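Beneath this line is the structure, given in structure tokens, with notes to follow.
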Amino acid sequence: MNIRYTQIIIIFFLLLSTRIHAEDISLSKNSMRTLGEDGWYLLTGAGYSMGFYLSKTASKKSFRGGNLATAFGYFAWNAVAFEIGSYLSVNYYDGVPIQAFNWYDNDARIFSWDSAFYIGIRARIPVLQPQDYVNPFIKIFYGRGMGVYYFTKLSKLNRIYLSTKRRLHIKGPLFGISVSNFFKLNRIAPQWFIEITVVTQIYWEQYYVQAGALLPIVLLKDSAGSSDHLIQLHITLGLKVF
Amino acid sequence: MNLFLKSITIITILCLLLIADITFAAENQQIPEDRQGNKNSEEVKKKEKNDTPQGLKTRFVQITRENISIKERLLTVGLVYVFQWGFYGASQYNNIKKNGSFKNWYNNIIHPHLDLDDFDYNLIYHTIAGNYYYLFYRSRGYSIAASILWSFVSVVLFEFTIETLTEKPSIQDLYQTPILGSLLGIGFEFLSRLLISIDNVVAKIFGYILNPFALFNFSYYEYRIESGPVVNKHFSGYKISFRFDLPYKKNMVSQ
């Protein structure tokens with residue numbers, strides 16, 4: 001079965017189950033004190049990121065850094081939210097193998113700036129009764145991401161000309177899932193949340209870019225596609241702005 | 001524990017400031033007297049009535065309008081759109097001259113992509129631009145959510161109908177300009193209101209630098225009296241006023 005049909009079926013049952021569950025919640029005395037009032041919302045948070053770079057040549061390499069997460073959406077029917085969002089993370093790699101174009105280096109030091117933009121659905125986890133401290137949601141999303149890599153050290157200097165004005169862009173589609181819990185101490189204080197997210201990004205296109213006077217200048221381009229993956233884990237602590 | 005101690009310290013300082021304010025207000029409140037030294041004459045009563053109240057604490061607030069007509073919303077977004085064309089033309093003159101064309105303008109519309117800009121453009125300049133979109137809509141009396149939404153509309157219009165002259169619409173800019181910009185705007189607006197509320201010229205200047213739209217006549221900001229000393233012959237005290245919106249006001253009104 002095509003993966004997209006599977007996704008549609010999962011989303012449909014998720015929506016259905018949360019909608020049915022919402023009817024029970026609406027009767028609960030706790031429902032007004034927890035997240036889920038219909039309307040627009042903006043979430044923002046920051047946290048810790050770690051990830052694994054998987055490729056044919058590099059079996060598994062980890063990195064770590066920080067992330068900034070934002071999400072803007074609409075919560076409807078006391079059950080589901082439709083949202084757009086992003087995860088921006090700054091990561092540090094040391095001693096990682098990197099393969100791009102026909103380059104290969106097994107001991108690179110890189111600063112990366114990863115951006116993931118998505119559209120997704122956030123829904124209450126069914127069967128759990130929301131409380132002030134227990135109000136869990138699950139989110140699935142799909143989008144596009146880009147990693148920008150700044151090389152600061154390479155073992156094979158003849159392959160890549162090191163410059164702060166040159167950078168490697170790798171972009172492709174991404175999929176993700178996250179589980180979050182919203183806390184509410186009282187009606188006045190802003191709600192806050194903790195969220196754990198796993199994102200899988202596939203690197204499809206590669207660009208080696210130099211800063212230009214007007215627009216960036218593409219020095220090398222490879223759109224042939226790649227099986228390289230980046231799997232990221234974000235742990236985010238944030239608050240509901242409104 | 002550390003946080004607890006800090007909180008207690010801050011609360012204590014605030015209480016001391018409040019007490020000091022009351023004390024100073026009471027001490028500085030001179031009981032007026034007429035030329036003959038009589039403190040209860042008609043002249044004194046008249047003077048008391050005309051005196052401007054001293055020691056008032058005001059708060060600079062944004063007035064959120066609930067019912068903004070569609071016509072006004074469209075006019076506002078249209079005004080922003082005209083400004084966007086002007087700003088883009090002026091700031092990207094060389095780029096438009098070199099890379100711009102009408103063919104680009106309509107071809108690029110259907111090809112949004114992830115751009116290859118560096119973080120200074122994508123994260124700094126666009127966030128600052130988004131901050132001004134947000135602050136402008138706030139100054140027109142829009143709510144926080146409406147300001148973000150209309151900032152988003154303005155950004156979409158810019159990316160799909162203006163910047164396409166030279167480049168394809170950027171997914172990063174479409175998201176980050178209104179969202180990160182609005183987050184910055186929320187912080188800037190809060191800080192600017194705080195600074196403008198302070199009775200100090202330097203603080204007010206910084207406040208207006210952070211939120212220049214608050215200067216204009218069209219803006220929906222105003223000073224609101226929050227608290228002030230009340231001193232008369234029989235009573236010395238401090239009056240604190242506050243207001244809050246009921247969360248289900250609309251329902252209550254309709255009922």
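In the structure tokens, the first chain shown is A, the next is B, and so on; residue numbers restart at 1 for each chain, and ligands run from 1 in the order shown.
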Would you list which chain B residues are within 7 Å of chain A using only C-alpha atoms, as a PDB file with N, CA and C atoms, in the first residue's frame?
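Wrote selection30.pdb, looks like this:
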```pdb
ATOM      1  N   ASN B  95      19.012  45.034  -8.000  1.00  0.00           N
ATOM      2  CA  ASN B  95      18.607  43.644  -8.221  1.00  0.00           C
ATOM      3  C   ASN B  95      17.490  43.566  -9.263  1.00  0.00           C
ATOM      4  N   LEU B 116      18.109  29.915  -0.827  1.00  0.00           N
ATOM      5  CA  LEU B 116      19.492  29.595  -0.447  1.00  0.00           C
ATOM      6  C   LEU B 116      20.160  30.761   0.286  1.00  0.00           C
ATOM      7  N   ASP B 117      19.341  31.616   0.853  1.00  0.00           N
ATOM      8  CA  ASP B 117      19.902  32.764   1.576  1.00  0.00           C
ATOM      9  C   ASP B 117      20.588  32.313   2.852  1.00  0.00           C
ATOM     10  N   ALA B 145      -3.732  37.871  17.691  1.00  0.00           N
ATOM     11  CA  ALA B 145      -3.939  36.834  16.674  1.00  0.00           C
ATOM     12  C   ALA B 145      -4.232  37.462  15.312  1.00  0.00           C
TER      13      ALA B 145
END
```
Would you please give, as an MDAnalysis selection string, all residues of region 34-206 of chain B that DSSP assigns to strand (DSSP E or B) based on the backbone? chainID B and resid 57:62 113 170
Keeping only N, CA and C atoms, take the residues you just selected and write them out as a CSV table (one decimal), in the first residue's frame.
```
chain,number,residue,atom,x,y,z
B,57,LYS,N,0.0,57.3,38.4
B,57,LYS,CA,0.8,56.3,37.6
B,57,LYS,C,-0.1,55.9,36.4
B,58,THR,N,0.5,56.1,35.2
B,58,THR,CA,-0.3,55.8,34.0
B,58,THR,C,0.3,54.6,33.3
B,59,ARG,N,-0.5,53.9,32.6
B,59,ARG,CA,0.0,52.8,31.8
B,59,ARG,C,-0.3,53.0,30.3
B,60,PHE,N,0.6,52.8,29.5
B,60,PHE,CA,0.4,52.9,28.0
B,60,PHE,C,-0.1,51.6,27.5
B,61,VAL,N,-1.3,51.7,27.0
B,61,VAL,CA,-1.9,50.4,26.6
B,61,VAL,C,-2.4,50.5,25.1
B,62,GLN,N,-2.5,49.3,24.5
B,62,GLN,CA,-3.1,49.2,23.2
B,62,GLN,C,-4.6,48.9,23.3
B,113,HIS,N,9.8,27.8,-3.2
B,113,HIS,CA,10.9,26.9,-2.9
B,113,HIS,C,11.6,27.3,-1.6
B,170,SER,N,9.7,32.4,-1.3
B,170,SER,CA,10.6,31.6,-0.4
B,170,SER,C,9.7,31.0,0.8
```
Contacts of Tyr137 (chain B) within 10 Å, only C-alpha atoms, excl. fewer than 2 positions in-chain, as a list in words: Arg73, Thr76, Val77, Val80, Tyr132, Tyr133, Tyr134, Leu135, Ser139, Arg140, Gly141, Tyr142, Ser143, Ile144, Ala146, Ser147, Ile148, Leu149, Trp150, Ser151, Phe213, Ser219 and Tyr220 of chain B
Selection from above, C-alpha atoms, as a PDB file, in the first residue's frame, can you write it?
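Here's the written file result_24.pdb:
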```pdb
ATOM      1  CA  ARG B  73      -9.029  45.706   6.869  1.00  0.00           C
ATOM      2  CA  THR B  76      -5.030  48.694   5.747  1.00  0.00           C
ATOM      3  CA  VAL B  77      -3.562  45.715   3.934  1.00  0.00           C
ATOM      4  CA  VAL B  80       0.899  48.048   3.531  1.00  0.00           C
ATOM      5  CA  TYR B 132       7.155  45.922  11.875  1.00  0.00           C
ATOM      6  CA  TYR B 133       4.231  44.271  10.072  1.00  0.00           C
ATOM      7  CA  TYR B 134       2.989  43.025  13.421  1.00  0.00           C
ATOM      8  CA  LEU B 135       3.481  46.348  15.203  1.00  0.00           C
ATOM      9  CA  SER B 139      -1.208  50.031  16.139  1.00  0.00           C
ATOM     10  CA  ARG B 140      -4.400  49.856  14.094  1.00  0.00           C
ATOM     11  CA  GLY B 141      -6.176  48.163  16.976  1.00  0.00           C
ATOM     12  CA  TYR B 142      -5.921  44.543  15.835  1.00  0.00           C
ATOM     13  CA  SER B 143      -5.730  41.773  18.402  1.00  0.00           C
ATOM     14  CA  ILE B 144      -2.540  39.723  18.713  1.00  0.00           C
ATOM     15  CA  ALA B 146      -5.420  39.155  14.028  1.00  0.00           C
ATOM     16  CA  SER B 147      -2.124  41.034  13.754  1.00  0.00           C
ATOM     17  CA  ILE B 148      -0.278  37.793  13.079  1.00  0.00           C
ATOM     18  CA  LEU B 149      -2.877  36.684  10.561  1.00  0.00           C
ATOM     19  CA  TRP B 150      -2.809  39.979   8.666  1.00  0.00           C
ATOM     20  CA  SER B 151       0.984  40.069   8.810  1.00  0.00           C
ATOM     21  CA  PHE B 213       3.877  53.301  15.227  1.00  0.00           C
ATOM     22  CA  SER B 219      -2.484  54.441  16.419  1.00  0.00           C
ATOM     23  CA  TYR B 220      -4.775  52.838  18.944  1.00  0.00           C
TER      24      TYR B 220
END
```
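One distance worth recording is that between CA of Gly65 (chain A) and CA of Phe82 (chain A), which is 28.1 Å.
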